[in-house]
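Participant: Enclosed is the structure file target_4.cif (mmCIF, C-alpha atoms).
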data_upload
loop_
_atom_site.group_PDB
_atom_site.id
_atom_site.type_symbol
_atom_site.label_atom_id
_atom_site.label_comp_id
_atom_site.auth_asym_id
_atom_site.auth_seq_id
_atom_site.Cartn_x
_atom_site.Cartn_y
_atom_site.Cartn_z
ATOM 1 C CA MET A 834 -33.743 -47.997 65.265
ATOM 2 C CA SER A 835 -31.193 -46.317 63.119
ATOM 3 C CA GLY A 836 -30.504 -42.606 63.183
ATOM 4 C CA GLY A 837 -30.331 -42.269 59.376
ATOM 5 C CA THR A 838 -32.980 -40.739 57.200
ATOM 6 C CA GLY A 839 -33.060 -43.683 54.828
ATOM 7 C CA PRO A 840 -31.178 -44.634 51.705
ATOM 8 C CA ASN A 841 -30.591 -41.928 49.146
ATOM 9 C CA PRO A 842 -29.948 -43.294 45.640
ATOM 10 C CA ILE A 843 -27.935 -40.213 44.640
ATOM 11 C CA ALA A 844 -26.295 -38.603 47.645
ATOM 12 C CA ARG A 845 -25.223 -34.999 47.301
ATOM 13 C CA THR A 846 -21.714 -35.967 48.367
ATOM 14 C CA SER A 847 -21.450 -38.283 45.369
ATOM 15 C CA PRO A 848 -20.338 -36.839 42.015
ATOM 16 C CA ASP A 849 -23.289 -38.658 40.354
ATOM 17 C CA TRP A 850 -25.729 -35.834 41.114
ATOM 18 C CA ARG A 851 -23.557 -33.375 39.183
ATOM 19 C CA ILE A 852 -23.993 -35.131 35.849
ATOM 20 C CA PRO A 853 -27.743 -34.369 35.461
ATOM 21 C CA LEU A 854 -27.133 -30.838 36.741
ATOM 22 C CA LEU A 855 -24.400 -30.299 34.159
ATOM 23 C CA GLY A 856 -26.659 -31.690 31.428
ATOM 24 C CA ALA A 857 -29.476 -29.353 32.448
ATOM 25 C CA ALA A 858 -27.088 -26.385 32.452
ATOM 26 C CA VAL A 859 -25.786 -27.231 28.970
ATOM 27 C CA LEU A 860 -29.317 -27.730 27.646
ATOM 28 C CA THR A 861 -30.412 -24.411 29.169
ATOM 29 C CA LEU A 862 -27.481 -22.569 27.601
ATOM 30 C CA LEU A 863 -28.214 -24.158 24.227
ATOM 31 C CA CYS A 864 -31.890 -23.187 24.385
ATOM 32 C CA VAL A 865 -31.102 -19.619 25.422
ATOM 33 C CA GLY A 866 -28.493 -19.352 22.667
ATOM 34 C CA ILE A 867 -30.787 -20.740 19.990
ATOM 35 C CA PHE A 868 -33.852 -18.745 21.022
ATOM 36 C CA TRP A 869 -32.065 -15.544 22.099
ATOM 37 C CA ASP A 870 -33.806 -13.414 19.450
ATOM 38 C CA PHE A 871 -37.211 -14.765 20.478
ATOM 39 C CA PHE A 872 -36.557 -14.063 24.176
ATOM 40 C CA PHE A 873 -35.336 -10.554 23.355
ATOM 41 C CA ARG A 874 -38.479 -9.814 21.303
ATOM 42 C CA GLN A 875 -40.709 -11.217 24.065
ATOM 43 C CA VAL A 876 -39.164 -8.863 26.619
ATOM 44 C CA ARG A 877 -39.543 -5.913 24.235
ATOM 45 C CA PHE A 878 -43.208 -6.794 23.652
ATOM 46 C CA ALA A 879 -43.784 -7.129 27.401
ATOM 47 C CA ILE A 880 -42.298 -3.693 28.050
ATOM 48 C CA ASN A 881 -43.766 -1.829 25.066
ATOM 49 C CA GLN A 882 -47.216 -3.464 24.939
ATOM 50 C CA GLN A 883 -48.002 -4.225 28.559
ATOM 51 C CA ALA A 884 -51.749 -4.584 28.057
ATOM 52 C CA ASP A 885 -51.236 -7.649 25.850
ATOM 53 C CA TRP A 886 -47.793 -8.984 26.757
ATOM 54 C CA GLY A 887 -47.018 -7.719 30.271
ATOM 55 C CA HIS A 888 -47.905 -11.012 31.952
ATOM 56 C CA THR A 889 -45.245 -12.959 30.021
ATOM 57 C CA LEU A 890 -42.498 -11.770 32.367
ATOM 58 C CA VAL A 891 -44.395 -13.009 35.440
ATOM 59 C CA ILE A 892 -45.234 -16.537 34.217
ATOM 60 C CA PRO A 893 -41.711 -17.989 34.831
ATOM 61 C CA LEU A 894 -41.785 -16.564 38.370
ATOM 62 C CA ILE A 895 -45.143 -18.221 39.059
ATOM 63 C CA ALA A 896 -43.886 -21.541 37.655
ATOM 64 C CA GLY A 897 -40.764 -21.287 39.810
ATOM 65 C CA TYR A 898 -42.928 -20.616 42.854
ATOM 66 C CA PHE A 899 -44.948 -23.783 42.194
ATOM 67 C CA VAL A 900 -41.714 -25.773 41.894
ATOM 68 C CA TYR A 901 -40.557 -24.222 45.182
ATOM 69 C CA LEU A 902 -43.839 -25.180 46.877
ATOM 70 C CA ASN A 903 -43.504 -28.797 45.723
ATOM 71 C CA ARG A 904 -39.729 -29.087 46.164
ATOM 72 C CA GLU A 905 -39.945 -31.709 48.926
ATOM 73 C CA ARG A 906 -42.131 -33.966 46.825
ATOM 74 C CA LEU A 907 -39.955 -33.424 43.745
ATOM 75 C CA LEU A 908 -36.718 -34.129 45.618
ATOM 76 C CA ALA A 909 -38.179 -37.237 47.273
ATOM 77 C CA ARG A 910 -38.582 -38.974 43.932
ATOM 78 C CA PRO A 911 -35.564 -40.761 42.467
ATOM 79 C CA PHE A 912 -34.048 -39.110 39.414
ATOM 80 C CA ARG A 913 -34.731 -41.113 36.272
ATOM 81 C CA THR A 914 -34.054 -40.350 32.636
ATOM 82 C CA THR A 915 -35.598 -41.648 29.449
ATOM 83 C CA TRP A 916 -34.770 -41.170 25.792
ATOM 84 C CA ILE A 917 -38.436 -40.786 24.771
ATOM 85 C CA GLY A 918 -38.333 -37.117 25.781
ATOM 86 C CA PHE A 919 -35.652 -36.535 23.162
ATOM 87 C CA VAL A 920 -38.102 -37.294 20.318
ATOM 88 C CA PRO A 921 -40.226 -34.104 20.666
ATOM 89 C CA VAL A 922 -37.056 -32.037 21.037
ATOM 90 C CA VAL A 923 -35.715 -33.346 17.733
ATOM 91 C CA LEU A 924 -39.036 -32.890 15.956
#
Spell out the structure here as structure tokens.

Facilitator:
Amino acid sequence: MSGGTGPNPIARTSPDWRIPLLGAAVLTLLCVGIFWDFFFRQVRFAINQQADWGHTLVIPLIAGYFVYLNRERLLARPFRTTWIGFVPVVL
């Protein structure tokens, strides 16, 4: 029996895992830059009108918690990309 944990298609020591991370960071910065006014208004609504909009600040935390709970399953899957996801972004 071998002592390894099995083959990893993208090892963290390889520079290949940095490319998707860099792409996600650039895409995040672009989205924040483009929708900055919308995000700013959402935060103002959440603070000024808490009865209707107060929950909007908690939703990203809940989504992040679900990602954290399923991190092992998400990291176990190989990273794959497809161009079909670009179509709704362009539209």

Participant: How many Å lie between atom CA of A:Val923 and atom CA of A:Cys864, rounded to one decimal?

Facilitator: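 If I compute the distance from atom CA of A:Val923 to atom CA of A:Cys864, I get 12.7 Å.
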
Participant: Provide the atom CA of A:Val922 to atom CA of A:Ile867 distance in Å, to one decimal place.

Facilitator: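 These atoms are spaced 13.0 Å apart.
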
Participant: I'd like the neighbourhood of A:Val876 as JSON, numbers by chain, where a residue qualifies if any of its atoms comes within 9 Å (using all atoms listed in the file), though same-chain residues fewer than 2 positions away should be ignored.

Facilitator: {"A": [871, 872, 873, 874, 878, 879, 880, 881, 886, 887, 889, 890]}

Participant: Quick check, in Å to one decimal: how far apart do atom CA of A:Val865 and atom CA of A:Gly918 lie?

Facilitator: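 Going from atom CA of A:Val865 over to atom CA of A:Gly918, I get 18.9 Å.
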
Participant: Hey, could you pull the box centre and edge lengths for stretch 874-887 of chain A, axis-aligned, 3 Å padding per side, all listed atoms, to one decimal in Å, as JSON?

Facilitator:
{"center_x": -45.1, "center_y": -6.5, "center_z": 25.8, "size_x": 19.3, "size_y": 15.4, "size_z": 15.0}

Participant: Taking the structure I provided as the source, export chain A with C-alpha atoms, as a compact mmCIF listing (two decimals), in the first residue's frame.

Facilitator:
# COMPACT_ATOMS: atom_id res chain seq x y z
CA MET A 834 0.00 0.00 0.00
CA SER A 835 1.21 3.46 -0.73
CA GLY A 836 1.27 6.24 1.82
CA GLY A 837 -0.11 8.88 -0.58
CA THR A 838 -3.61 10.25 -0.54
CA GLY A 839 -4.14 9.64 -4.23
CA PRO A 840 -3.51 11.62 -7.37
CA ASN A 841 -4.40 15.29 -7.32
CA PRO A 842 -4.97 16.74 -10.80
CA ILE A 843 -4.03 20.25 -9.66
CA ALA A 844 -1.62 20.15 -6.74
CA ARG A 845 -1.35 23.26 -4.62
CA THR A 846 2.40 23.29 -5.18
CA SER A 847 1.83 23.63 -8.91
CA PRO A 848 1.30 27.11 -10.39
CA ASP A 849 -1.74 25.74 -12.30
CA TRP A 850 -4.10 26.29 -9.37
CA ARG A 851 -3.27 30.00 -9.33
CA ILE A 852 -4.69 30.67 -12.78
CA PRO A 853 -8.37 29.99 -11.86
CA LEU A 854 -7.87 31.87 -8.60
CA LEU A 855 -6.49 34.88 -10.46
CA GLY A 856 -9.38 34.73 -12.93
CA ALA A 857 -11.91 34.63 -10.09
CA ALA A 858 -10.21 37.59 -8.40
CA VAL A 859 -10.26 39.65 -11.61
CA LEU A 860 -13.90 38.76 -12.27
CA THR A 861 -14.82 39.69 -8.69
CA LEU A 862 -13.07 43.05 -8.97
CA LEU A 863 -14.80 43.74 -12.28
CA CYS A 864 -18.22 42.90 -10.85
CA VAL A 865 -17.67 45.03 -7.75
CA GLY A 866 -16.42 47.90 -9.91
CA ILE A 867 -19.33 47.71 -12.33
CA PHE A 868 -22.02 47.27 -9.68
CA TRP A 869 -20.49 49.51 -6.99
CA ASP A 870 -23.44 51.93 -7.00
CA PHE A 871 -25.91 49.06 -6.66
CA PHE A 872 -23.98 47.53 -3.74
CA PHE A 873 -23.75 50.92 -2.04
CA ARG A 874 -27.52 51.48 -2.38
CA GLN A 875 -28.24 47.96 -1.09
CA VAL A 876 -26.21 48.61 2.06
CA ARG A 877 -27.96 51.96 2.57
CA PHE A 878 -31.37 50.30 2.18
CA ALA A 879 -30.37 47.55 4.62
CA ILE A 880 -29.31 50.09 7.23
CA ASN A 881 -32.11 52.65 6.76
CA GLN A 882 -35.02 50.27 6.11
CA GLN A 883 -34.20 47.22 8.19
CA ALA A 884 -37.74 45.84 8.24
CA ASP A 885 -37.65 45.28 4.47
CA TRP A 886 -33.96 45.12 3.56
CA GLY A 887 -32.09 44.14 6.73
CA HIS A 888 -31.71 40.50 5.71
CA THR A 889 -29.75 41.36 2.55
CA LEU A 890 -26.53 41.80 4.53
CA VAL A 891 -26.85 38.33 6.09
CA ILE A 892 -27.53 36.32 2.90
CA PRO A 893 -23.87 36.30 1.69
CA LEU A 894 -22.78 35.08 5.14
CA ILE A 895 -25.29 32.23 5.02
CA ALA A 896 -24.18 31.28 1.49
CA GLY A 897 -20.54 31.34 2.61
CA TYR A 898 -21.42 29.10 5.55
CA PHE A 899 -23.01 26.54 3.21
CA VAL A 900 -19.88 26.60 1.04
CA TYR A 901 -17.79 26.10 4.19
CA LEU A 902 -19.95 23.13 5.24
CA ASN A 903 -19.53 21.47 1.84
CA ARG A 904 -15.89 22.46 1.28
CA GLU A 905 -14.59 18.87 1.36
CA ARG A 906 -17.03 17.76 -1.30
CA LEU A 907 -16.35 20.86 -3.40
CA LEU A 908 -12.57 20.47 -3.17
CA ALA A 909 -12.76 16.75 -3.98
CA ARG A 910 -14.15 17.45 -7.43
CA PRO A 911 -11.71 18.27 -10.22
CA PHE A 912 -11.79 21.87 -11.41
CA ARG A 913 -13.32 22.15 -14.87
CA THR A 914 -14.25 25.17 -16.94
CA THR A 915 -16.69 25.63 -19.78
CA TRP A 916 -17.44 28.52 -22.09
CA ILE A 917 -21.22 28.00 -21.89
CA GLY A 918 -21.32 29.95 -18.62
CA PHE A 919 -20.00 32.99 -20.47
CA VAL A 920 -23.22 33.27 -22.54
CA PRO A 921 -25.51 34.44 -19.68
CA VAL A 922 -22.82 36.86 -18.51
CA VAL A 923 -22.69 38.50 -21.93
CA LEU A 924 -26.46 38.63 -22.26
